Amino acid sequence: MSAFLALLSRDLRLAVRQGGALGTALGFYMLVVTLLPLGLGADLNLLSRIAPGVLWIALLLAALLSLGRVFSSDYEDGTLDVLATGRLPMELVVGAKALAHWISTGIPLALMAPVLGLLLNLELSAYPLLFGTMLAGTPAISFIGAVGAALTLRAYRGGLLIALLVLPLYVPTLIFGMAAINGLLGASGTMSAFLILIALSLASVVLCPLAAAAALRLQMQ
């Protein structure tokens with residue numbers, strides 16, 4: 001467990017020191033949400049209705065920008081080879097790196113979403129629900145993205161391939177994230193979609209490190 005925490009701490013420190021991936025993701029997120037009202041016009045009712053969907057889709061696209069660096073930098077400098085021969089199983093190595101991506105990218109994007117909701121005339125009652133669903137759904141984004149990053153580790157322009165691989169897998173998270181917001185805001189007030197969203201994230205935390213570790217072993221042969 002100490003090796004896992006040490007690797008997690010290392011990746012978080014590197015993310016803070018480099019800062020470029022997070023800055024790019026936050027900048028892209030802000031740019032997309034800022035430009036949308038200019039394209040759709042000043043219909044505040046329309047912006048309010050589509051705000052949760054726009055913020056979710058923009059978050060998914062922004063998170064993709066930093067997925068390519070989850071394994072590539074360690075692969076290039078040989079750190080990944082050292083980790084593969086160490087005492088920590090590769091599945092836990094993947095888990096630590098995906099968790100570091102969620103903490104350093106997924107959580108900041110989720111925190112930024114309510115602020116950007118001001119630009120889209122988001123209802124005040126939707127702010128805690130938006131943040132809650134994003135906090136529950138973003139682990140799936142990071143862990144599923146880790147599988148795509150592992151599969152495209154040695155590919156030329158792997159960032160484009162990651163998008164093609166993982167965007168279809170993000171669809172259930174997007175659907176149930178939106179359904180959770182609409183259900184909690186609507187008259188029914190059901191939490192079933194929110195619980196399914198949490199289940200998707202938990203399933204990705206358990207299953208995706210297994211798939212990503214297997215992909216890394218094939219890539220490093």
# chains A, B, ... in the order shown; residues from 1 in each chain; ligands from 1
>>> residues_around(residues="segment 195-201 of chain A", least_positions_apart="6", cutoff="9 Å", atoms="only C-alpha atoms", output="list in words")
Thr133, Ala136, Gly137, Thr138, Pro139, Ala140, Ile141, Phe143, Pro172, Thr173, Leu174, Ile175, Phe176, Gly177 and Ala180 of chain A
>>> residues_around(residues="Leu47 of chain A", least_positions_apart="2", cutoff="10 Å", atoms="only C-alpha atoms", output="PDB file with all heavy atoms, in the first residue's frame")
ATOM      1  N   LEU A  36     -19.977  28.938 -26.921  1.00  0.00           N
ATOM      2  CA  LEU A  36     -21.299  28.404 -27.245  1.00  0.00           C
ATOM      3  C   LEU A  36     -22.398  29.455 -27.202  1.00  0.00           C
ATOM      4  O   LEU A  36     -23.209  29.533 -28.124  1.00  0.00           O
ATOM      5  CB  LEU A  36     -21.636  27.239 -26.314  1.00  0.00           C
ATOM      6  CG  LEU A  36     -22.918  26.494 -26.686  1.00  0.00           C
ATOM      7  CD1 LEU A  36     -22.714  25.701 -27.961  1.00  0.00           C
ATOM      8  CD2 LEU A  36     -23.356  25.579 -25.565  1.00  0.00           C
ATOM      9  N   PRO A  37     -22.494  30.301 -26.160  1.00  0.00           N
ATOM     10  CA  PRO A  37     -23.550  31.324 -26.177  1.00  0.00           C
ATOM     11  C   PRO A  37     -23.429  32.287 -27.357  1.00  0.00           C
ATOM     12  O   PRO A  37     -24.443  32.799 -27.844  1.00  0.00           O
ATOM     13  CB  PRO A  37     -23.344  32.068 -24.844  1.00  0.00           C
ATOM     14  CG  PRO A  37     -22.643  31.093 -23.972  1.00  0.00           C
ATOM     15  CD  PRO A  37     -21.746  30.320 -24.889  1.00  0.00           C
ATOM     16  N   LEU A  40     -25.121  30.343 -30.247  1.00  0.00           N
ATOM     17  CA  LEU A  40     -26.551  30.064 -30.108  1.00  0.00           C
ATOM     18  C   LEU A  40     -27.397  31.315 -29.944  1.00  0.00           C
ATOM     19  O   LEU A  40     -28.616  31.258 -30.094  1.00  0.00           O
ATOM     20  CB  LEU A  40     -26.782  29.137 -28.916  1.00  0.00           C
ATOM     21  CG  LEU A  40     -26.222  27.727 -29.040  1.00  0.00           C
ATOM     22  CD1 LEU A  40     -26.476  26.942 -27.773  1.00  0.00           C
ATOM     23  CD2 LEU A  40     -26.814  27.005 -30.239  1.00  0.00           C
ATOM     24  N   GLY A  41     -26.777  32.430 -29.600  1.00  0.00           N
ATOM     25  CA  GLY A  41     -27.540  33.650 -29.416  1.00  0.00           C
ATOM     26  C   GLY A  41     -27.868  33.899 -27.959  1.00  0.00           C
ATOM     27  O   GLY A  41     -27.398  33.198 -27.051  1.00  0.00           O
ATOM     28  N   ALA A  42     -28.704  34.879 -27.736  1.00  0.00           N
ATOM     29  CA  ALA A  42     -28.990  35.356 -26.374  1.00  0.00           C
ATOM     30  C   ALA A  42     -30.288  34.797 -25.805  1.00  0.00           C
ATOM     31  O   ALA A  42     -30.905  35.422 -24.940  1.00  0.00           O
ATOM     32  CB  ALA A  42     -29.038  36.882 -26.368  1.00  0.00           C
ATOM     33  N   ASP A  43     -30.717  33.638 -26.284  1.00  0.00           N
ATOM     34  CA  ASP A  43     -31.931  33.013 -25.749  1.00  0.00           C
ATOM     35  C   ASP A  43     -31.593  32.351 -24.418  1.00  0.00           C
ATOM     36  O   ASP A  43     -31.063  31.236 -24.375  1.00  0.00           O
ATOM     37  CB  ASP A  43     -32.464  31.984 -26.741  1.00  0.00           C
ATOM     38  CG  ASP A  43     -33.833  31.457 -26.342  1.00  0.00           C
ATOM     39  OD1 ASP A  43     -34.235  31.661 -25.172  1.00  0.00           O
ATOM     40  OD2 ASP A  43     -34.507  30.858 -27.197  1.00  0.00           O
ATOM     41  N   LEU A  44     -31.889  33.025 -23.314  1.00  0.00           N
ATOM     42  CA  LEU A  44     -31.505  32.527 -22.001  1.00  0.00           C
ATOM     43  C   LEU A  44     -32.239  31.244 -21.634  1.00  0.00           C
ATOM     44  O   LEU A  44     -31.683  30.388 -20.946  1.00  0.00           O
ATOM     45  CB  LEU A  44     -31.763  33.602 -20.938  1.00  0.00           C
ATOM     46  CG  LEU A  44     -30.934  34.880 -21.075  1.00  0.00           C
ATOM     47  CD1 LEU A  44     -31.289  35.853 -19.959  1.00  0.00           C
ATOM     48  CD2 LEU A  44     -29.443  34.561 -21.061  1.00  0.00           C
ATOM     49  N   ASN A  45     -33.477  31.106 -22.074  1.00  0.00           N
ATOM     50  CA  ASN A  45     -34.225  29.885 -21.776  1.00  0.00           C
ATOM     51  C   ASN A  45     -33.587  28.673 -22.453  1.00  0.00           C
ATOM     52  O   ASN A  45     -33.477  27.598 -21.864  1.00  0.00           O
ATOM     53  CB  ASN A  45     -35.677  30.033 -22.218  1.00  0.00           C
ATOM     54  CG  ASN A  45     -36.434  31.049 -21.384  1.00  0.00           C
ATOM     55  OD1 ASN A  45     -36.162  31.207 -20.182  1.00  0.00           O
ATOM     56  ND2 ASN A  45     -37.373  31.747 -21.991  1.00  0.00           N
ATOM     57  N   ARG A  49     -31.716  25.387 -20.619  1.00  0.00           N
ATOM     58  CA  ARG A  49     -32.131  24.000 -20.830  1.00  0.00           C
ATOM     59  C   ARG A  49     -30.967  23.113 -21.240  1.00  0.00           C
ATOM     60  O   ARG A  49     -30.886  21.954 -20.824  1.00  0.00           O
ATOM     61  CB  ARG A  49     -33.236  23.937 -21.898  1.00  0.00           C
ATOM     62  CG  ARG A  49     -34.571  24.479 -21.455  1.00  0.00           C
ATOM     63  CD  ARG A  49     -35.680  23.998 -22.384  1.00  0.00           C
ATOM     64  NE  ARG A  49     -35.414  24.337 -23.782  1.00  0.00           N
ATOM     65  CZ  ARG A  49     -35.770  25.487 -24.355  1.00  0.00           C
ATOM     66  NH1 ARG A  49     -36.429  26.399 -23.637  1.00  0.00           N
ATOM     67  NH2 ARG A  49     -35.517  25.721 -25.617  1.00  0.00           N
ATOM     68  N   ILE A  50     -30.086  23.632 -22.072  1.00  0.00           N
ATOM     69  CA  ILE A  50     -29.000  22.793 -22.587  1.00  0.00           C
ATOM     70  C   ILE A  50     -27.722  22.892 -21.761  1.00  0.00           C
ATOM     71  O   ILE A  50     -26.747  22.189 -22.053  1.00  0.00           O
ATOM     72  CB  ILE A  50     -28.683  23.162 -24.051  1.00  0.00           C
ATOM     73  CG1 ILE A  50     -28.092  24.569 -24.137  1.00  0.00           C
ATOM     74  CG2 ILE A  50     -29.921  23.019 -24.918  1.00  0.00           C
ATOM     75  CD1 ILE A  50     -27.610  24.936 -25.524  1.00  0.00           C
ATOM     76  N   ALA A  51     -27.701  23.732 -20.741  1.00  0.00           N
ATOM     77  CA  ALA A  51     -26.467  23.965 -19.975  1.00  0.00           C
ATOM     78  C   ALA A  51     -25.867  22.691 -19.393  1.00  0.00           C
ATOM     79  O   ALA A  51     -24.655  22.462 -19.555  1.00  0.00           O
ATOM     80  CB  ALA A  51     -26.732  24.996 -18.881  1.00  0.00           C
ATOM     81  N   PRO A  52     -26.636  21.821 -18.703  1.00  0.00           N
ATOM     82  CA  PRO A  52     -26.000  20.617 -18.137  1.00  0.00           C
ATOM     83  C   PRO A  52     -25.361  19.730 -19.203  1.00  0.00           C
ATOM     84  O   PRO A  52     -24.246  19.219 -19.009  1.00  0.00           O
ATOM     85  CB  PRO A  52     -27.160  19.908 -17.430  1.00  0.00           C
ATOM     86  CG  PRO A  52     -28.150  20.986 -17.133  1.00  0.00           C
ATOM     87  CD  PRO A  52     -28.049  21.926 -18.298  1.00  0.00           C
ATOM     88  N   VAL A  54     -24.245  20.631 -22.189  1.00  0.00           N
ATOM     89  CA  VAL A  54     -23.070  21.298 -22.745  1.00  0.00           C
ATOM     90  C   VAL A  54     -21.880  21.167 -21.802  1.00  0.00           C
ATOM     91  O   VAL A  54     -20.757  20.866 -22.223  1.00  0.00           O
ATOM     92  CB  VAL A  54     -23.388  22.782 -23.021  1.00  0.00           C
ATOM     93  CG1 VAL A  54     -22.115  23.562 -23.335  1.00  0.00           C
ATOM     94  CG2 VAL A  54     -24.381  22.903 -24.154  1.00  0.00           C
ATOM     95  N   GLY A 117     -21.275  27.497 -15.494  1.00  0.00           N
ATOM     96  CA  GLY A 117     -22.730  27.478 -15.622  1.00  0.00           C
ATOM     97  C   GLY A 117     -23.342  28.864 -15.591  1.00  0.00           C
ATOM     98  O   GLY A 117     -24.449  29.076 -16.117  1.00  0.00           O
ATOM     99  N   LEU A 119     -22.358  31.331 -17.309  1.00  0.00           N
ATOM    100  CA  LEU A 119     -22.397  31.805 -18.695  1.00  0.00           C
ATOM    101  C   LEU A 119     -23.574  31.222 -19.468  1.00  0.00           C
ATOM    102  O   LEU A 119     -23.957  31.765 -20.498  1.00  0.00           O
ATOM    103  CB  LEU A 119     -21.090  31.441 -19.408  1.00  0.00           C
ATOM    104  CG  LEU A 119     -19.810  32.009 -18.801  1.00  0.00           C
ATOM    105  CD1 LEU A 119     -18.596  31.468 -19.538  1.00  0.00           C
ATOM    106  CD2 LEU A 119     -19.828  33.530 -18.849  1.00  0.00           C
ATOM    107  N   LEU A 120     -24.117  30.111 -18.966  1.00  0.00           N
ATOM    108  CA  LEU A 120     -25.207  29.426 -19.662  1.00  0.00           C
ATOM    109  C   LEU A 120     -26.541  29.582 -18.944  1.00  0.00           C
ATOM    110  O   LEU A 120     -27.495  28.858 -19.248  1.00  0.00           O
ATOM    111  CB  LEU A 120     -24.868  27.938 -19.806  1.00  0.00           C
ATOM    112  CG  LEU A 120     -23.582  27.623 -20.578  1.00  0.00           C
ATOM    113  CD1 LEU A 120     -23.288  26.130 -20.548  1.00  0.00           C
ATOM    114  CD2 LEU A 120     -23.679  28.106 -22.030  1.00  0.00           C
ATOM    115  N   ASN A 121     -26.616  30.506 -18.001  1.00  0.00           N
ATOM    116  CA  ASN A 121     -27.854  30.764 -17.269  1.00  0.00           C
ATOM    117  C   ASN A 121     -28.392  29.498 -16.598  1.00  0.00           C
ATOM    118  O   ASN A 121     -29.593  29.229 -16.588  1.00  0.00           O
ATOM    119  CB  ASN A 121     -28.926  31.339 -18.220  1.00  0.00           C
ATOM    120  CG  ASN A 121     -30.091  31.955 -17.479  1.00  0.00           C
ATOM    121  OD1 ASN A 121     -29.911  32.557 -16.424  1.00  0.00           O
ATOM    122  ND2 ASN A 121     -31.285  31.805 -18.015  1.00  0.00           N
ATOM    123  N   LEU A 122     -27.492  28.720 -16.019  1.00  0.00           N
ATOM    124  CA  LEU A 122     -27.888  27.486 -15.345  1.00  0.00           C
ATOM    125  C   LEU A 122     -28.702  27.806 -14.104  1.00  0.00           C
ATOM    126  O   LEU A 122     -28.391  28.736 -13.357  1.00  0.00           O
ATOM    127  CB  LEU A 122     -26.635  26.693 -14.969  1.00  0.00           C
ATOM    128  CG  LEU A 122     -26.861  25.314 -14.356  1.00  0.00           C
ATOM    129  CD1 LEU A 122     -27.504  24.369 -15.362  1.00  0.00           C
ATOM    130  CD2 LEU A 122     -25.529  24.735 -13.873  1.00  0.00           C
TER     131      LEU A 122
END
>>> residues_around(residues="Ala21 of chain A", least_positions_apart="5", cutoff="8 Å", atoms="only C-alpha atoms", output="ChimeraX atom specification")
/A:15,65-66
>>> closest_residue(among="A:Leu26, A:Val205, A:Ala98, A:Val147", to="Leu111 of chain A", atoms="only C-alpha atoms")
A:Leu26
>>> closest_residue(among="A:Glu76, A:Ala113, A:Val70, A:Lys97", to="Val32 of chain A", atoms="only C-alpha atoms")
A:Ala113
>>> residues_around(residues="segment 151-154 of chain A", least_positions_apart="2", cutoff="9 Å", atoms="only C-alpha atoms", output="list of chain:residue names")
A:Gly68, A:Phe71, A:Ser72, A:Tyr75, A:Ala146, A:Val147, A:Gly148, A:Ala149, A:Tyr156, A:Arg157, A:Gly158, A:Gly159, A:Leu161, A:Ile162, A:Leu165, A:Ala212, A:Ala215, A:Leu216, A:Leu218, A:Gln219, A:Met220
>>> write_last_selection(atoms="all heavy atoms", output="short mmCIF file (atom, residue, chain, number, x, y, z; two decimals), in the first residue's frame")
data_model
loop_
_atom_site.label_atom_id
_atom_site.label_comp_id
_atom_site.auth_asym_id
_atom_site.auth_seq_id
_atom_site.Cartn_x
_atom_site.Cartn_y
_atom_site.Cartn_z
N GLY A 68 -3.40 11.39 -23.00
CA GLY A 68 -2.24 10.89 -23.70
C GLY A 68 -0.97 10.88 -22.87
O GLY A 68 -0.03 10.14 -23.17
N PHE A 71 0.56 7.59 -19.50
CA PHE A 71 1.64 6.61 -19.52
C PHE A 71 2.81 7.02 -20.41
O PHE A 71 3.91 6.49 -20.24
CB PHE A 71 1.12 5.24 -20.00
CG PHE A 71 0.01 4.67 -19.18
CD1 PHE A 71 -1.26 4.53 -19.70
CD2 PHE A 71 0.24 4.27 -17.87
CE1 PHE A 71 -2.28 4.00 -18.95
CE2 PHE A 71 -0.78 3.74 -17.11
CZ PHE A 71 -2.04 3.60 -17.64
N SER A 72 2.58 7.90 -21.37
CA SER A 72 3.60 8.14 -22.39
C SER A 72 4.89 8.73 -21.83
O SER A 72 5.99 8.33 -22.23
CB SER A 72 3.03 9.07 -23.47
OG SER A 72 2.67 10.32 -22.93
N TYR A 75 6.81 6.08 -20.15
CA TYR A 75 7.32 5.12 -21.13
C TYR A 75 8.54 5.67 -21.85
O TYR A 75 9.51 4.94 -22.09
CB TYR A 75 6.21 4.79 -22.14
CG TYR A 75 6.64 3.85 -23.24
CD1 TYR A 75 6.84 2.50 -22.98
CD2 TYR A 75 6.84 4.33 -24.53
CE1 TYR A 75 7.24 1.64 -24.00
CE2 TYR A 75 7.24 3.47 -25.54
CZ TYR A 75 7.43 2.13 -25.28
OH TYR A 75 7.83 1.28 -26.28
N ALA A 146 -7.69 5.56 -19.17
CA ALA A 146 -6.42 4.86 -18.96
C ALA A 146 -6.31 3.64 -19.87
O ALA A 146 -5.21 3.32 -20.34
CB ALA A 146 -6.29 4.46 -17.50
N VAL A 147 -7.41 2.98 -20.13
CA VAL A 147 -7.39 1.83 -21.05
C VAL A 147 -7.03 2.30 -22.46
O VAL A 147 -6.20 1.70 -23.14
CB VAL A 147 -8.75 1.11 -21.05
CG1 VAL A 147 -8.73 -0.05 -22.03
CG2 VAL A 147 -9.09 0.61 -19.66
N GLY A 148 -7.65 3.40 -22.89
CA GLY A 148 -7.32 3.94 -24.20
C GLY A 148 -5.87 4.39 -24.29
O GLY A 148 -5.20 4.19 -25.31
N ALA A 149 -5.37 5.01 -23.22
CA ALA A 149 -3.97 5.47 -23.21
C ALA A 149 -3.02 4.28 -23.27
O ALA A 149 -1.96 4.36 -23.91
CB ALA A 149 -3.72 6.30 -21.96
N TYR A 156 1.46 6.23 -33.29
CA TYR A 156 1.75 7.57 -33.78
C TYR A 156 0.49 8.41 -33.69
O TYR A 156 -0.58 7.99 -34.13
CB TYR A 156 2.25 7.49 -35.22
CG TYR A 156 2.52 8.82 -35.87
CD1 TYR A 156 3.56 9.63 -35.42
CD2 TYR A 156 1.72 9.28 -36.91
CE1 TYR A 156 3.82 10.85 -36.01
CE2 TYR A 156 1.97 10.51 -37.51
CZ TYR A 156 3.02 11.28 -37.06
OH TYR A 156 3.27 12.50 -37.63
N ARG A 157 0.60 9.61 -33.11
CA ARG A 157 -0.56 10.47 -32.86
C ARG A 157 -1.62 9.71 -32.07
O ARG A 157 -2.79 9.61 -32.46
CB ARG A 157 -1.14 10.99 -34.17
CG ARG A 157 -0.22 11.97 -34.88
CD ARG A 157 -0.86 12.54 -36.12
NE ARG A 157 0.03 13.51 -36.77
CZ ARG A 157 -0.27 14.15 -37.91
NH1 ARG A 157 -1.42 13.90 -38.51
NH2 ARG A 157 0.58 15.01 -38.43
N GLY A 158 -1.19 9.17 -30.95
CA GLY A 158 -2.10 8.37 -30.14
C GLY A 158 -3.26 9.13 -29.58
O GLY A 158 -4.29 8.54 -29.25
N GLY A 159 -3.14 10.45 -29.45
CA GLY A 159 -4.24 11.23 -28.91
C GLY A 159 -5.52 11.11 -29.73
O GLY A 159 -6.62 11.04 -29.17
N LEU A 161 -6.30 8.51 -31.60
CA LEU A 161 -6.82 7.16 -31.43
C LEU A 161 -7.51 7.00 -30.08
O LEU A 161 -8.50 6.28 -29.97
CB LEU A 161 -5.67 6.15 -31.55
CG LEU A 161 -5.06 6.01 -32.94
CD1 LEU A 161 -3.87 5.05 -32.91
CD2 LEU A 161 -6.10 5.53 -33.93
N ILE A 162 -6.98 7.66 -29.05
CA ILE A 162 -7.63 7.60 -27.74
C ILE A 162 -9.06 8.11 -27.84
O ILE A 162 -10.00 7.52 -27.29
CB ILE A 162 -6.83 8.41 -26.70
CG1 ILE A 162 -5.50 7.73 -26.40
CG2 ILE A 162 -7.63 8.56 -25.40
CD1 ILE A 162 -4.63 8.51 -25.46
N LEU A 165 -11.27 5.59 -29.46
CA LEU A 165 -11.50 4.40 -28.64
C LEU A 165 -12.42 4.66 -27.46
O LEU A 165 -13.30 3.85 -27.17
CB LEU A 165 -10.16 3.86 -28.14
CG LEU A 165 -9.25 3.17 -29.16
CD1 LEU A 165 -7.90 2.87 -28.55
CD2 LEU A 165 -9.89 1.90 -29.69
N ALA A 212 -6.23 -2.25 -18.75
CA ALA A 212 -5.11 -1.38 -19.09
C ALA A 212 -3.78 -2.06 -18.79
O ALA A 212 -2.81 -1.91 -19.55
CB ALA A 212 -5.22 -0.07 -18.32
N ALA A 215 -3.04 -4.45 -21.55
CA ALA A 215 -2.62 -3.72 -22.75
C ALA A 215 -1.19 -3.22 -22.62
O ALA A 215 -0.41 -3.26 -23.58
CB ALA A 215 -3.58 -2.56 -23.00
N LEU A 216 -0.81 -2.75 -21.44
CA LEU A 216 0.56 -2.27 -21.23
C LEU A 216 1.57 -3.40 -21.37
O LEU A 216 2.66 -3.22 -21.93
CB LEU A 216 0.68 -1.62 -19.85
CG LEU A 216 0.05 -0.24 -19.69
CD1 LEU A 216 0.17 0.23 -18.24
CD2 LEU A 216 0.70 0.77 -20.61
N LEU A 218 1.32 -5.99 -23.25
CA LEU A 218 1.48 -6.28 -24.68
C LEU A 218 2.30 -5.19 -25.37
O LEU A 218 3.15 -5.48 -26.22
CB LEU A 218 0.10 -6.37 -25.34
CG LEU A 218 -0.74 -7.60 -24.99
CD1 LEU A 218 -2.12 -7.50 -25.63
CD2 LEU A 218 -0.05 -8.88 -25.45
N GLN A 219 2.09 -3.95 -25.00
CA GLN A 219 2.82 -2.85 -25.63
C GLN A 219 4.30 -2.86 -25.26
O GLN A 219 5.15 -2.40 -26.06
CB GLN A 219 2.21 -1.51 -25.18
CG GLN A 219 0.80 -1.26 -25.64
CD GLN A 219 0.72 -0.89 -27.11
OE1 GLN A 219 1.72 -0.65 -27.76
NE2 GLN A 219 -0.48 -0.88 -27.65
N MET A 220 4.64 -3.37 -24.10
CA MET A 220 6.02 -3.33 -23.63
C MET A 220 6.82 -4.59 -23.96
O MET A 220 7.99 -4.70 -23.59
CB MET A 220 6.03 -3.09 -22.11
CG MET A 220 5.45 -1.77 -21.68
SD MET A 220 5.22 -1.62 -19.90
CE MET A 220 6.93 -1.70 -19.36
#
>>> residues_around(residues="segment 29-31 of chain A", least_positions_apart="6", cutoff="8 Å", atoms="only C-alpha atoms", output="ChimeraX atom specification")
/A:58-59,61-62,109,116
>>> write_last_selection(atoms="N, CA and C atoms", output="mmCIF file, in the first residue's frame")
data_model
loop_
_atom_site.group_PDB
_atom_site.id
_atom_site.type_symbol
_atom_site.label_atom_id
_atom_site.label_comp_id
_atom_site.auth_asym_id
_atom_site.auth_seq_id
_atom_site.Cartn_x
_atom_site.Cartn_y
_atom_site.Cartn_z
ATOM 1 N N ALA A 58 -18.493 19.135 -22.834
ATOM 2 C CA ALA A 58 -17.234 19.880 -22.828
ATOM 3 C C ALA A 58 -16.243 19.289 -21.832
ATOM 4 N N LEU A 59 -16.741 18.810 -20.690
ATOM 5 C CA LEU A 59 -15.850 18.178 -19.714
ATOM 6 C C LEU A 59 -15.243 16.900 -20.282
ATOM 7 N N LEU A 61 -14.644 16.161 -23.420
ATOM 8 C CA LEU A 61 -13.648 16.517 -24.429
ATOM 9 C C LEU A 61 -12.398 17.112 -23.796
ATOM 10 N N ALA A 62 -12.577 17.913 -22.752
ATOM 11 C CA ALA A 62 -11.416 18.513 -22.084
ATOM 12 C C ALA A 62 -10.569 17.452 -21.393
ATOM 13 N N LEU A 109 -11.931 20.028 -13.179
ATOM 14 C CA LEU A 109 -12.948 20.280 -14.208
ATOM 15 C C LEU A 109 -14.343 20.292 -13.596
ATOM 16 N N LEU A 116 -18.707 27.979 -14.799
ATOM 17 C CA LEU A 116 -19.048 28.176 -16.205
ATOM 18 C C LEU A 116 -20.554 28.128 -16.430
#
